[in-house]
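The structure file target35.cif is reproduced below (mmCIF, N, CA and C atoms).
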```cif
data_input
loop_
_atom_site.label_atom_id
_atom_site.label_comp_id
_atom_site.auth_asym_id
_atom_site.auth_seq_id
_atom_site.Cartn_x
_atom_site.Cartn_y
_atom_site.Cartn_z
N MET A 48 4.91 10.70 -22.98
CA MET A 48 5.87 9.62 -22.87
C MET A 48 5.10 8.31 -22.77
N THR A 49 5.38 7.39 -23.67
CA THR A 49 4.69 6.10 -23.69
C THR A 49 5.69 4.99 -23.40
N PHE A 50 5.30 4.08 -22.52
CA PHE A 50 6.13 2.93 -22.21
C PHE A 50 5.51 1.71 -22.84
N ARG A 51 6.33 0.89 -23.43
CA ARG A 51 5.86 -0.35 -24.02
C ARG A 51 6.46 -1.50 -23.21
N VAL A 52 5.63 -2.43 -22.86
CA VAL A 52 6.10 -3.60 -22.14
C VAL A 52 5.68 -4.84 -22.89
N SER A 53 6.48 -5.85 -22.78
CA SER A 53 6.18 -7.09 -23.49
C SER A 53 5.06 -7.85 -22.80
N ARG A 54 4.41 -8.68 -23.55
CA ARG A 54 3.34 -9.52 -22.99
C ARG A 54 3.91 -10.43 -21.91
N ALA A 55 5.11 -10.94 -22.14
CA ALA A 55 5.74 -11.83 -21.15
C ALA A 55 5.94 -11.10 -19.82
N PHE A 56 6.32 -9.82 -19.88
CA PHE A 56 6.51 -9.04 -18.66
C PHE A 56 5.19 -8.88 -17.92
N VAL A 57 4.12 -8.58 -18.64
CA VAL A 57 2.80 -8.41 -18.02
C VAL A 57 2.36 -9.72 -17.37
N VAL A 58 2.52 -10.82 -18.08
CA VAL A 58 2.14 -12.13 -17.54
C VAL A 58 2.98 -12.44 -16.30
N SER A 59 4.28 -12.14 -16.36
CA SER A 59 5.16 -12.38 -15.22
C SER A 59 4.72 -11.56 -14.01
N CYS A 60 4.35 -10.30 -14.22
CA CYS A 60 3.88 -9.44 -13.12
C CYS A 60 2.59 -10.00 -12.53
N ARG A 61 1.67 -10.41 -13.38
CA ARG A 61 0.41 -10.96 -12.88
C ARG A 61 0.64 -12.23 -12.07
N LEU A 62 1.52 -13.09 -12.56
CA LEU A 62 1.82 -14.32 -11.84
C LEU A 62 2.48 -14.03 -10.49
N THR A 63 3.37 -13.04 -10.46
CA THR A 63 4.03 -12.67 -9.20
C THR A 63 3.01 -12.15 -8.20
N VAL A 64 2.10 -11.29 -8.65
CA VAL A 64 1.08 -10.74 -7.76
C VAL A 64 0.18 -11.86 -7.26
N MET A 65 -0.23 -12.76 -8.16
CA MET A 65 -1.10 -13.86 -7.75
C MET A 65 -0.38 -14.76 -6.75
N ALA A 66 0.90 -14.99 -6.95
CA ALA A 66 1.66 -15.83 -6.02
C ALA A 66 1.77 -15.15 -4.67
N CYS A 67 2.01 -13.83 -4.68
CA CYS A 67 2.09 -13.08 -3.41
C CYS A 67 0.76 -13.16 -2.66
N VAL A 68 -0.34 -13.03 -3.38
CA VAL A 68 -1.65 -13.12 -2.75
C VAL A 68 -1.86 -14.52 -2.17
N ALA A 69 -1.52 -15.53 -2.93
CA ALA A 69 -1.71 -16.90 -2.46
C ALA A 69 -0.88 -17.17 -1.21
N VAL A 70 0.37 -16.73 -1.21
CA VAL A 70 1.23 -16.93 -0.05
C VAL A 70 0.67 -16.18 1.15
N THR A 71 0.23 -14.97 0.93
CA THR A 71 -0.32 -14.16 2.03
C THR A 71 -1.57 -14.81 2.61
N VAL A 72 -2.45 -15.30 1.75
CA VAL A 72 -3.68 -15.93 2.22
C VAL A 72 -3.35 -17.18 3.04
N VAL A 73 -2.41 -17.97 2.58
CA VAL A 73 -2.03 -19.19 3.30
C VAL A 73 -1.41 -18.84 4.64
N LEU A 74 -0.48 -17.87 4.65
CA LEU A 74 0.19 -17.49 5.89
C LEU A 74 -0.78 -16.85 6.88
N ALA A 75 -1.72 -16.09 6.37
CA ALA A 75 -2.65 -15.38 7.25
C ALA A 75 -3.80 -16.25 7.73
N ALA A 76 -3.98 -17.39 7.14
CA ALA A 76 -5.13 -18.24 7.50
C ALA A 76 -5.09 -18.67 8.96
N ASP A 77 -3.90 -18.85 9.50
CA ASP A 77 -3.78 -19.32 10.88
C ASP A 77 -3.64 -18.20 11.89
N GLN A 78 -3.59 -16.96 11.43
CA GLN A 78 -3.41 -15.84 12.35
C GLN A 78 -4.76 -15.23 12.67
N THR A 79 -4.87 -14.68 13.88
CA THR A 79 -6.11 -14.01 14.27
C THR A 79 -5.96 -12.53 14.03
N ASP A 80 -7.07 -11.88 13.86
CA ASP A 80 -7.05 -10.44 13.65
C ASP A 80 -6.70 -9.72 14.93
N SER A 81 -6.04 -8.56 14.81
CA SER A 81 -5.68 -7.75 15.97
C SER A 81 -6.92 -7.05 16.48
N PRO A 82 -7.00 -6.80 17.79
CA PRO A 82 -8.14 -6.08 18.32
C PRO A 82 -8.11 -4.63 17.89
N SER A 83 -9.28 -4.02 17.80
CA SER A 83 -9.32 -2.61 17.43
C SER A 83 -8.89 -1.76 18.61
N HIS A 84 -8.41 -0.56 18.31
CA HIS A 84 -7.95 0.36 19.34
C HIS A 84 -8.88 1.56 19.39
N ASP A 85 -9.31 1.92 20.59
CA ASP A 85 -10.15 3.10 20.74
C ASP A 85 -9.29 4.34 20.61
N GLN A 86 -9.93 5.45 20.27
CA GLN A 86 -9.23 6.72 20.15
C GLN A 86 -8.68 7.14 21.50
N ASP A 87 -7.42 7.50 21.53
CA ASP A 87 -6.76 7.98 22.74
C ASP A 87 -7.17 9.43 22.95
N PRO A 88 -7.84 9.76 24.06
CA PRO A 88 -8.26 11.14 24.28
C PRO A 88 -7.09 12.11 24.40
N GLY A 89 -5.91 11.61 24.74
CA GLY A 89 -4.73 12.46 24.84
C GLY A 89 -4.16 12.83 23.49
N ARG A 90 -4.62 12.15 22.43
CA ARG A 90 -4.14 12.42 21.07
C ARG A 90 -5.36 12.68 20.20
N PRO A 91 -5.83 13.91 20.13
CA PRO A 91 -7.03 14.19 19.35
C PRO A 91 -6.81 13.90 17.86
N VAL A 92 -7.90 13.55 17.18
CA VAL A 92 -7.85 13.27 15.75
C VAL A 92 -7.58 14.56 14.99
N MET A 93 -6.61 14.49 14.10
CA MET A 93 -6.31 15.65 13.26
C MET A 93 -7.32 15.68 12.11
N GLY A 94 -7.32 16.75 11.36
CA GLY A 94 -8.23 16.89 10.23
C GLY A 94 -8.03 15.80 9.20
N MET A 95 -9.09 15.49 8.49
CA MET A 95 -9.04 14.47 7.46
C MET A 95 -8.34 15.02 6.23
N VAL A 96 -7.65 14.15 5.51
CA VAL A 96 -7.01 14.54 4.26
C VAL A 96 -8.11 14.67 3.23
N ASP A 97 -8.31 15.86 2.74
CA ASP A 97 -9.39 16.13 1.79
C ASP A 97 -8.84 17.01 0.70
N SER A 98 -8.35 16.39 -0.35
CA SER A 98 -7.76 17.13 -1.46
C SER A 98 -8.13 16.43 -2.76
N PRO A 99 -8.40 17.20 -3.80
CA PRO A 99 -8.74 16.56 -5.08
C PRO A 99 -7.58 15.74 -5.66
N THR A 100 -6.34 16.02 -5.22
CA THR A 100 -5.21 15.26 -5.75
C THR A 100 -5.00 13.94 -5.01
N VAL A 101 -5.62 13.77 -3.85
CA VAL A 101 -5.55 12.49 -3.13
C VAL A 101 -6.69 11.64 -3.66
N LYS A 102 -6.33 10.63 -4.44
CA LYS A 102 -7.35 9.86 -5.14
C LYS A 102 -7.59 8.47 -4.55
N VAL A 103 -6.61 7.92 -3.85
CA VAL A 103 -6.75 6.55 -3.37
C VAL A 103 -6.76 6.48 -1.84
N LEU A 104 -5.89 7.20 -1.19
CA LEU A 104 -5.78 7.12 0.27
C LEU A 104 -6.74 8.07 0.96
N ARG A 105 -7.99 7.98 0.61
CA ARG A 105 -9.02 8.82 1.23
C ARG A 105 -9.48 8.21 2.54
N GLY A 106 -10.08 9.04 3.38
CA GLY A 106 -10.62 8.56 4.65
C GLY A 106 -9.59 8.48 5.76
N LEU A 107 -8.41 9.01 5.53
CA LEU A 107 -7.37 9.02 6.56
C LEU A 107 -7.20 10.43 7.11
N ASN A 108 -6.85 10.52 8.38
CA ASN A 108 -6.51 11.84 8.89
C ASN A 108 -5.06 12.13 8.50
N VAL A 109 -4.61 13.32 8.76
CA VAL A 109 -3.28 13.75 8.32
C VAL A 109 -2.20 12.83 8.89
N ARG A 110 -2.28 12.51 10.16
CA ARG A 110 -1.27 11.65 10.80
C ARG A 110 -1.23 10.28 10.13
N GLU A 111 -2.40 9.68 9.89
CA GLU A 111 -2.47 8.37 9.26
C GLU A 111 -1.94 8.42 7.82
N PHE A 112 -2.29 9.49 7.11
CA PHE A 112 -1.85 9.66 5.72
C PHE A 112 -0.33 9.72 5.65
N GLU A 113 0.26 10.55 6.49
CA GLU A 113 1.72 10.69 6.50
C GLU A 113 2.39 9.38 6.90
N ALA A 114 1.80 8.66 7.85
CA ALA A 114 2.34 7.37 8.27
C ALA A 114 2.30 6.37 7.11
N GLU A 115 1.20 6.35 6.34
CA GLU A 115 1.11 5.44 5.19
C GLU A 115 2.19 5.76 4.16
N MET A 116 2.43 7.03 3.91
CA MET A 116 3.47 7.42 2.96
C MET A 116 4.83 6.91 3.43
N GLN A 117 5.12 7.04 4.72
CA GLN A 117 6.39 6.57 5.26
C GLN A 117 6.50 5.05 5.18
N LEU A 118 5.39 4.36 5.45
CA LEU A 118 5.39 2.90 5.34
C LEU A 118 5.65 2.45 3.90
N MET A 119 5.11 3.20 2.94
CA MET A 119 5.37 2.88 1.53
C MET A 119 6.84 3.07 1.20
N ASN A 120 7.43 4.18 1.69
CA ASN A 120 8.86 4.41 1.47
C ASN A 120 9.68 3.25 2.01
N GLN A 121 9.36 2.82 3.22
CA GLN A 121 10.10 1.71 3.84
C GLN A 121 9.87 0.40 3.10
N ALA A 122 8.65 0.16 2.68
CA ALA A 122 8.31 -1.09 2.00
C ALA A 122 9.06 -1.25 0.69
N LEU A 123 9.30 -0.13 -0.01
CA LEU A 123 9.99 -0.17 -1.30
C LEU A 123 11.45 0.25 -1.20
N GLY A 124 11.88 0.70 -0.04
CA GLY A 124 13.27 1.14 0.12
C GLY A 124 13.59 2.36 -0.72
N VAL A 125 12.63 3.26 -0.86
CA VAL A 125 12.80 4.46 -1.69
C VAL A 125 12.42 5.70 -0.90
N GLY A 126 12.64 6.86 -1.49
CA GLY A 126 12.22 8.12 -0.90
C GLY A 126 11.01 8.67 -1.62
N CYS A 127 10.52 9.80 -1.14
CA CYS A 127 9.31 10.41 -1.70
C CYS A 127 9.45 10.71 -3.20
N GLY A 128 10.66 11.12 -3.62
CA GLY A 128 10.90 11.47 -5.01
C GLY A 128 10.79 10.31 -5.97
N HIS A 129 10.67 9.11 -5.46
CA HIS A 129 10.51 7.95 -6.34
C HIS A 129 9.17 8.03 -7.07
N CYS A 130 8.11 8.46 -6.38
CA CYS A 130 6.78 8.54 -6.98
C CYS A 130 6.31 9.98 -7.20
N HIS A 131 6.81 10.89 -6.39
CA HIS A 131 6.37 12.29 -6.45
C HIS A 131 7.37 13.16 -7.20
N VAL A 132 6.84 14.20 -7.83
CA VAL A 132 7.69 15.21 -8.45
C VAL A 132 8.23 16.08 -7.32
N ARG A 133 9.53 16.22 -7.26
CA ARG A 133 10.13 17.01 -6.19
C ARG A 133 9.61 18.44 -6.25
N GLY A 134 9.17 18.93 -5.08
CA GLY A 134 8.67 20.29 -4.99
C GLY A 134 7.20 20.44 -5.36
N ASN A 135 6.58 19.36 -5.87
CA ASN A 135 5.16 19.43 -6.26
C ASN A 135 4.53 18.05 -6.05
N PHE A 136 4.24 17.74 -4.80
CA PHE A 136 3.70 16.43 -4.47
C PHE A 136 2.35 16.16 -5.13
N ALA A 137 1.61 17.20 -5.47
CA ALA A 137 0.29 17.02 -6.09
C ALA A 137 0.37 16.64 -7.56
N SER A 138 1.51 16.86 -8.19
CA SER A 138 1.67 16.61 -9.62
C SER A 138 1.54 15.13 -9.95
N ASP A 139 0.97 14.84 -11.12
CA ASP A 139 0.87 13.48 -11.61
C ASP A 139 1.88 13.21 -12.73
N GLU A 140 2.90 14.06 -12.84
CA GLU A 140 3.89 13.94 -13.91
C GLU A 140 4.73 12.66 -13.81
N ASN A 141 5.00 12.18 -12.60
CA ASN A 141 5.80 10.99 -12.42
C ASN A 141 4.91 9.76 -12.63
N VAL A 142 5.25 8.93 -13.63
CA VAL A 142 4.42 7.77 -13.96
C VAL A 142 4.38 6.75 -12.82
N ARG A 143 5.36 6.77 -11.94
CA ARG A 143 5.37 5.83 -10.82
C ARG A 143 4.23 6.11 -9.85
N LYS A 144 3.75 7.35 -9.82
CA LYS A 144 2.64 7.70 -8.93
C LYS A 144 1.37 6.96 -9.36
N ALA A 145 1.12 6.89 -10.64
CA ALA A 145 -0.05 6.15 -11.15
C ALA A 145 0.10 4.66 -10.84
N SER A 146 1.30 4.13 -10.97
CA SER A 146 1.55 2.73 -10.65
C SER A 146 1.32 2.48 -9.17
N ALA A 147 1.79 3.39 -8.32
CA ALA A 147 1.59 3.25 -6.87
C ALA A 147 0.10 3.26 -6.54
N ARG A 148 -0.66 4.11 -7.19
CA ARG A 148 -2.11 4.16 -6.96
C ARG A 148 -2.76 2.82 -7.32
N ARG A 149 -2.35 2.25 -8.45
CA ARG A 149 -2.91 0.95 -8.86
C ARG A 149 -2.56 -0.13 -7.84
N MET A 150 -1.34 -0.09 -7.33
CA MET A 150 -0.92 -1.09 -6.34
C MET A 150 -1.71 -0.93 -5.04
N VAL A 151 -1.96 0.30 -4.61
CA VAL A 151 -2.76 0.53 -3.40
C VAL A 151 -4.18 0.03 -3.63
N GLU A 152 -4.74 0.29 -4.81
CA GLU A 152 -6.07 -0.22 -5.13
C GLU A 152 -6.10 -1.75 -5.12
N MET A 153 -5.01 -2.37 -5.61
CA MET A 153 -4.92 -3.82 -5.63
C MET A 153 -4.89 -4.37 -4.20
N THR A 154 -4.04 -3.78 -3.33
CA THR A 154 -3.97 -4.28 -1.96
C THR A 154 -5.28 -4.06 -1.23
N ARG A 155 -5.93 -2.93 -1.51
CA ARG A 155 -7.23 -2.67 -0.88
C ARG A 155 -8.26 -3.72 -1.30
N ALA A 156 -8.27 -4.08 -2.57
CA ALA A 156 -9.22 -5.09 -3.07
C ALA A 156 -8.93 -6.45 -2.43
N ILE A 157 -7.65 -6.81 -2.32
CA ILE A 157 -7.27 -8.08 -1.69
C ILE A 157 -7.74 -8.10 -0.24
N ASN A 158 -7.48 -7.00 0.46
CA ASN A 158 -7.86 -6.93 1.88
C ASN A 158 -9.37 -6.95 2.07
N GLN A 159 -10.11 -6.27 1.20
CA GLN A 159 -11.57 -6.28 1.32
C GLN A 159 -12.14 -7.66 1.06
N GLN A 160 -11.53 -8.39 0.11
CA GLN A 160 -12.04 -9.71 -0.23
C GLN A 160 -11.65 -10.77 0.81
N PHE A 161 -10.40 -10.77 1.24
CA PHE A 161 -9.91 -11.85 2.09
C PHE A 161 -9.83 -11.52 3.58
N PHE A 162 -9.73 -10.24 3.94
CA PHE A 162 -9.57 -9.86 5.35
C PHE A 162 -10.50 -8.70 5.72
N PRO A 163 -11.80 -8.83 5.48
CA PRO A 163 -12.70 -7.70 5.69
C PRO A 163 -12.82 -7.24 7.14
N SER A 164 -12.56 -8.10 8.09
CA SER A 164 -12.72 -7.72 9.50
C SER A 164 -11.38 -7.36 10.17
N PHE A 165 -10.31 -7.32 9.41
CA PHE A 165 -8.99 -7.03 9.97
C PHE A 165 -8.93 -5.62 10.55
N GLN A 166 -8.40 -5.51 11.75
CA GLN A 166 -8.19 -4.22 12.41
C GLN A 166 -6.70 -4.08 12.67
N PRO A 167 -6.03 -3.10 12.05
CA PRO A 167 -4.58 -2.97 12.21
C PRO A 167 -4.19 -2.56 13.63
N ALA A 168 -3.03 -3.03 14.05
CA ALA A 168 -2.48 -2.65 15.35
C ALA A 168 -1.98 -1.20 15.27
N GLU A 169 -1.77 -0.60 16.40
CA GLU A 169 -1.25 0.77 16.47
C GLU A 169 0.07 0.84 15.72
N GLY A 170 0.19 1.80 14.81
CA GLY A 170 1.42 1.99 14.05
C GLY A 170 1.51 1.14 12.79
N ALA A 171 0.58 0.22 12.61
CA ALA A 171 0.58 -0.62 11.40
C ALA A 171 -0.16 0.09 10.28
N SER A 172 0.02 -0.42 9.08
CA SER A 172 -0.63 0.18 7.92
C SER A 172 -2.15 0.12 8.05
N ARG A 173 -2.81 1.22 7.72
CA ARG A 173 -4.26 1.29 7.73
C ARG A 173 -4.85 0.60 6.50
N LEU A 174 -3.99 0.23 5.54
CA LEU A 174 -4.47 -0.38 4.31
C LEU A 174 -5.02 -1.78 4.55
N GLY A 175 -4.49 -2.50 5.52
CA GLY A 175 -4.97 -3.83 5.81
C GLY A 175 -3.84 -4.79 6.07
N LYS A 176 -4.15 -6.06 6.04
CA LYS A 176 -3.17 -7.11 6.33
C LYS A 176 -2.15 -7.22 5.20
N VAL A 177 -2.60 -7.12 3.96
CA VAL A 177 -1.71 -7.15 2.81
C VAL A 177 -1.32 -5.70 2.50
N THR A 178 -0.02 -5.44 2.50
CA THR A 178 0.48 -4.08 2.26
C THR A 178 1.55 -4.12 1.18
N CYS A 179 2.15 -3.00 0.90
CA CYS A 179 3.24 -2.92 -0.07
C CYS A 179 4.38 -3.85 0.36
N PHE A 180 4.64 -3.90 1.67
CA PHE A 180 5.75 -4.69 2.19
C PHE A 180 5.53 -6.19 1.96
N THR A 181 4.30 -6.63 1.86
CA THR A 181 4.00 -8.04 1.66
C THR A 181 4.78 -8.60 0.47
N CYS A 182 4.84 -7.86 -0.61
CA CYS A 182 5.55 -8.33 -1.80
C CYS A 182 6.91 -7.66 -1.98
N HIS A 183 7.01 -6.38 -1.65
CA HIS A 183 8.26 -5.65 -1.92
C HIS A 183 9.35 -5.94 -0.90
N GLN A 184 9.02 -6.07 0.35
CA GLN A 184 9.97 -6.40 1.41
C GLN A 184 11.23 -5.54 1.38
N GLY A 185 11.04 -4.23 1.21
CA GLY A 185 12.15 -3.29 1.24
C GLY A 185 12.86 -3.10 -0.08
N SER A 186 12.34 -3.66 -1.14
CA SER A 186 12.96 -3.57 -2.46
C SER A 186 12.03 -2.86 -3.43
N GLU A 187 12.62 -2.09 -4.35
CA GLU A 187 11.82 -1.35 -5.32
C GLU A 187 10.96 -2.29 -6.17
N LYS A 188 11.49 -3.41 -6.55
CA LYS A 188 10.75 -4.38 -7.34
C LYS A 188 10.22 -5.48 -6.42
N PRO A 189 9.00 -5.98 -6.67
CA PRO A 189 8.45 -7.04 -5.81
C PRO A 189 9.34 -8.27 -5.84
N LYS A 190 9.48 -8.90 -4.70
CA LYS A 190 10.29 -10.11 -4.60
C LYS A 190 9.47 -11.29 -5.07
N SER A 191 10.15 -12.27 -5.66
CA SER A 191 9.48 -13.50 -6.06
C SER A 191 9.19 -14.33 -4.83
N PRO A 192 8.02 -14.92 -4.77
CA PRO A 192 7.69 -15.75 -3.59
C PRO A 192 8.57 -16.99 -3.57
N GLU A 193 8.95 -17.37 -2.35
CA GLU A 193 9.75 -18.59 -2.16
C GLU A 193 8.83 -19.66 -1.62
N TYR A 194 8.88 -20.82 -2.23
CA TYR A 194 8.02 -21.93 -1.80
C TYR A 194 8.85 -22.97 -1.13
#
```
For this file, produce the structure as structure tokens.
Amino acid sequence: MTFRVSRAFVVSCRLTVMACVAVTVVLAADQTDSPSHDQDPGRPVMGMVDSPTVKVLRGLNVREFEAEMQLMNQALGVGCGHCHVRGNFASDENVRKASARRMVEMTRAINQQFFPSFQPAEGASRLGKVTCFTCHQGSEKPKSPEY
């Protein structure tokens, strides 16, 4: 299955992402990073997610991985079946899964470049200061920045 998109659509998407990044950088410039949290001895670390089908969200334990998935659902206002094939989460058949991976890679790159020392608060996304919610704000499609 091949999808064709117009050049105008691609340019519009790039401009929207760039605007979201610019707004985030401006808004975050005056905020301080959250302090890091030590491991709670009452909550031992679960095993790390180590699967050949997990390509982007590596380095997370099971609890963190599941929390990130839920945060993505909330950020886009969708359920697991939006990106995953029902009954086979490892499958890459749903094209939205590849798009989600690219978006996670994009947010990771933004965070590494602009917020390298950021430490997320308890319960916040492990991805960094810029997350799916930064642009999507509960909607399947990214919202246009308001100036």
Could you tell me how far CA of Met150 (chain A) lies from CA of Glu169 (chain A), in Å and to one decimal?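 We find that CA of Met150 (chain A) and CA of Glu169 (chain A) lie 22.9 Å from each other.
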Figure out the distance between atom C of Phe136 (chain A) and atom C of Leu104 (chain A), please, to one decimal in Å.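 Between these atoms lies a distance of 13.6 Å.
The two atoms in question, CA of Glu140 (chain A) and CA of Val109 (chain A), are spaced 23.4 Å apart.
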Could you tell me which residues the PyMOL selection byres (((chain A and resi 103 and name CA) around 10) and name CA) returns for this structure, as a PDB file with N, CA and C atoms, keeping the file's coordinate frame?
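Contents of out.pdb, as written:
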```pdb
ATOM      1  N   THR A 100      -6.340  16.020  -5.220  1.00  0.00           N
ATOM      2  CA  THR A 100      -5.210  15.260  -5.750  1.00  0.00           C
ATOM      3  C   THR A 100      -5.000  13.940  -5.010  1.00  0.00           C
ATOM      4  N   VAL A 101      -5.620  13.770  -3.850  1.00  0.00           N
ATOM      5  CA  VAL A 101      -5.550  12.490  -3.130  1.00  0.00           C
ATOM      6  C   VAL A 101      -6.690  11.640  -3.660  1.00  0.00           C
ATOM      7  N   LYS A 102      -6.330  10.630  -4.440  1.00  0.00           N
ATOM      8  CA  LYS A 102      -7.350   9.860  -5.140  1.00  0.00           C
ATOM      9  C   LYS A 102      -7.590   8.470  -4.550  1.00  0.00           C
ATOM     10  N   LEU A 104      -5.890   7.200  -1.190  1.00  0.00           N
ATOM     11  CA  LEU A 104      -5.780   7.120   0.270  1.00  0.00           C
ATOM     12  C   LEU A 104      -6.740   8.070   0.960  1.00  0.00           C
ATOM     13  N   ARG A 105      -7.990   7.980   0.610  1.00  0.00           N
ATOM     14  CA  ARG A 105      -9.020   8.820   1.230  1.00  0.00           C
ATOM     15  C   ARG A 105      -9.480   8.210   2.540  1.00  0.00           C
ATOM     16  N   GLY A 106     -10.080   9.040   3.380  1.00  0.00           N
ATOM     17  CA  GLY A 106     -10.620   8.560   4.650  1.00  0.00           C
ATOM     18  C   GLY A 106      -9.590   8.480   5.760  1.00  0.00           C
ATOM     19  N   ALA A 147       1.790   3.390  -8.320  1.00  0.00           N
ATOM     20  CA  ALA A 147       1.590   3.250  -6.870  1.00  0.00           C
ATOM     21  C   ALA A 147       0.100   3.260  -6.540  1.00  0.00           C
ATOM     22  N   ARG A 148      -0.660   4.110  -7.190  1.00  0.00           N
ATOM     23  CA  ARG A 148      -2.110   4.160  -6.960  1.00  0.00           C
ATOM     24  C   ARG A 148      -2.760   2.820  -7.320  1.00  0.00           C
ATOM     25  N   ARG A 149      -2.350   2.250  -8.450  1.00  0.00           N
ATOM     26  CA  ARG A 149      -2.910   0.950  -8.860  1.00  0.00           C
ATOM     27  C   ARG A 149      -2.560  -0.130  -7.840  1.00  0.00           C
ATOM     28  N   VAL A 151      -1.960   0.300  -4.610  1.00  0.00           N
ATOM     29  CA  VAL A 151      -2.760   0.530  -3.400  1.00  0.00           C
ATOM     30  C   VAL A 151      -4.180   0.030  -3.630  1.00  0.00           C
ATOM     31  N   GLU A 152      -4.740   0.290  -4.810  1.00  0.00           N
ATOM     32  CA  GLU A 152      -6.070  -0.220  -5.130  1.00  0.00           C
ATOM     33  C   GLU A 152      -6.100  -1.750  -5.120  1.00  0.00           C
ATOM     34  N   ARG A 155      -5.930  -2.930  -1.510  1.00  0.00           N
ATOM     35  CA  ARG A 155      -7.230  -2.670  -0.880  1.00  0.00           C
ATOM     36  C   ARG A 155      -8.260  -3.720  -1.300  1.00  0.00           C
TER      37      ARG A 155
END
```
Which of A:Gln159, A:Ser186, A:Ser172, A:Ser191 sits closest to Gly126 (chain A) [using only C-alpha atoms]: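 Answer, going by the shortest atom-to-atom distance: A:Ser186.
Residues captured in this structure file are Thr71, Thr154, Ile157, Asn158, Gln159, Phe162, Phe165, Gln166, Pro167, Ser172, Arg173, Leu174, Gly175, Val177, Thr178, Cys179 and Thr181 of chain A, according to the PyMOL selection byres ((chain A and resi 176) around 8).
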Just N, CA and C atoms for this one: save the residues we selected as a compact mmCIF listing (two decimals), in the frame of the given file.
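The resulting file, part-v1.txt, is shown below:
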```
# COMPACT_ATOMS: atom_id res chain seq x y z
N THR A 71 0.23 -14.97 0.93
CA THR A 71 -0.32 -14.16 2.03
C THR A 71 -1.57 -14.81 2.61
N THR A 154 -4.04 -3.78 -3.33
CA THR A 154 -3.97 -4.28 -1.96
C THR A 154 -5.28 -4.06 -1.23
N ILE A 157 -7.65 -6.81 -2.32
CA ILE A 157 -7.27 -8.08 -1.69
C ILE A 157 -7.74 -8.10 -0.24
N ASN A 158 -7.48 -7.00 0.46
CA ASN A 158 -7.86 -6.93 1.88
C ASN A 158 -9.37 -6.95 2.07
N GLN A 159 -10.11 -6.27 1.20
CA GLN A 159 -11.57 -6.28 1.32
C GLN A 159 -12.14 -7.66 1.06
N PHE A 162 -9.73 -10.24 3.94
CA PHE A 162 -9.57 -9.86 5.35
C PHE A 162 -10.50 -8.70 5.72
N PHE A 165 -10.31 -7.32 9.41
CA PHE A 165 -8.99 -7.03 9.97
C PHE A 165 -8.93 -5.62 10.55
N GLN A 166 -8.40 -5.51 11.75
CA GLN A 166 -8.19 -4.22 12.41
C GLN A 166 -6.70 -4.08 12.67
N PRO A 167 -6.03 -3.10 12.05
CA PRO A 167 -4.58 -2.97 12.21
C PRO A 167 -4.19 -2.56 13.63
N SER A 172 0.02 -0.42 9.08
CA SER A 172 -0.63 0.18 7.92
C SER A 172 -2.15 0.12 8.05
N ARG A 173 -2.81 1.22 7.72
CA ARG A 173 -4.26 1.29 7.73
C ARG A 173 -4.85 0.60 6.50
N LEU A 174 -3.99 0.23 5.54
CA LEU A 174 -4.47 -0.38 4.31
C LEU A 174 -5.02 -1.78 4.55
N GLY A 175 -4.49 -2.50 5.52
CA GLY A 175 -4.97 -3.83 5.81
C GLY A 175 -3.84 -4.79 6.07
N VAL A 177 -2.60 -7.12 3.96
CA VAL A 177 -1.71 -7.15 2.81
C VAL A 177 -1.32 -5.70 2.50
N THR A 178 -0.02 -5.44 2.50
CA THR A 178 0.48 -4.08 2.26
C THR A 178 1.55 -4.12 1.18
N CYS A 179 2.15 -3.00 0.90
CA CYS A 179 3.24 -2.92 -0.07
C CYS A 179 4.38 -3.85 0.36
N THR A 181 4.30 -6.63 1.86
CA THR A 181 4.00 -8.04 1.66
C THR A 181 4.78 -8.60 0.47
```
Compare A:Met153, A:Leu118, A:Leu107, A:Cys127 by their minimum atom-to-atom distance to Gly94 (chain A), counting only N, CA and C atoms, and give me the closest one.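 Comparing A:Met153, A:Leu118, A:Leu107, A:Cys127 against Gly94 (chain A), the winner is A:Leu107.
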Which is closest to Phe180 (chain A) among A:Pro192, A:Leu123, A:Val142, A:Pro163, if we use all atoms listed in the file? A:Leu123
Listed atoms of region 161-177 of chain A, axis-aligned box, 4 Å per side: centre and edge lengths to one decimal in Å, as AutoDock Vina command-line options?
```
--center_x -5.7 --center_y -4.9 --center_z 8.9 --size_x 22.3 --size_y 21.8 --size_z 23.2
```
Among the residues A:Gly128, A:Arg110, A:Arg143, A:Ala122, the one that comes closest to Glu187 (chain A) [using all atoms listed in the file]: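 Using all atoms listed in the file, Glu187 (chain A) sits closest to A:Ala122.
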Residues proximal to (-0.6, 19.3, -6.0) were defined as those with any atom within 10 Å of that point in the file's coordinates, counting only C-alpha atoms. Which are they, as a count of residues only? 12
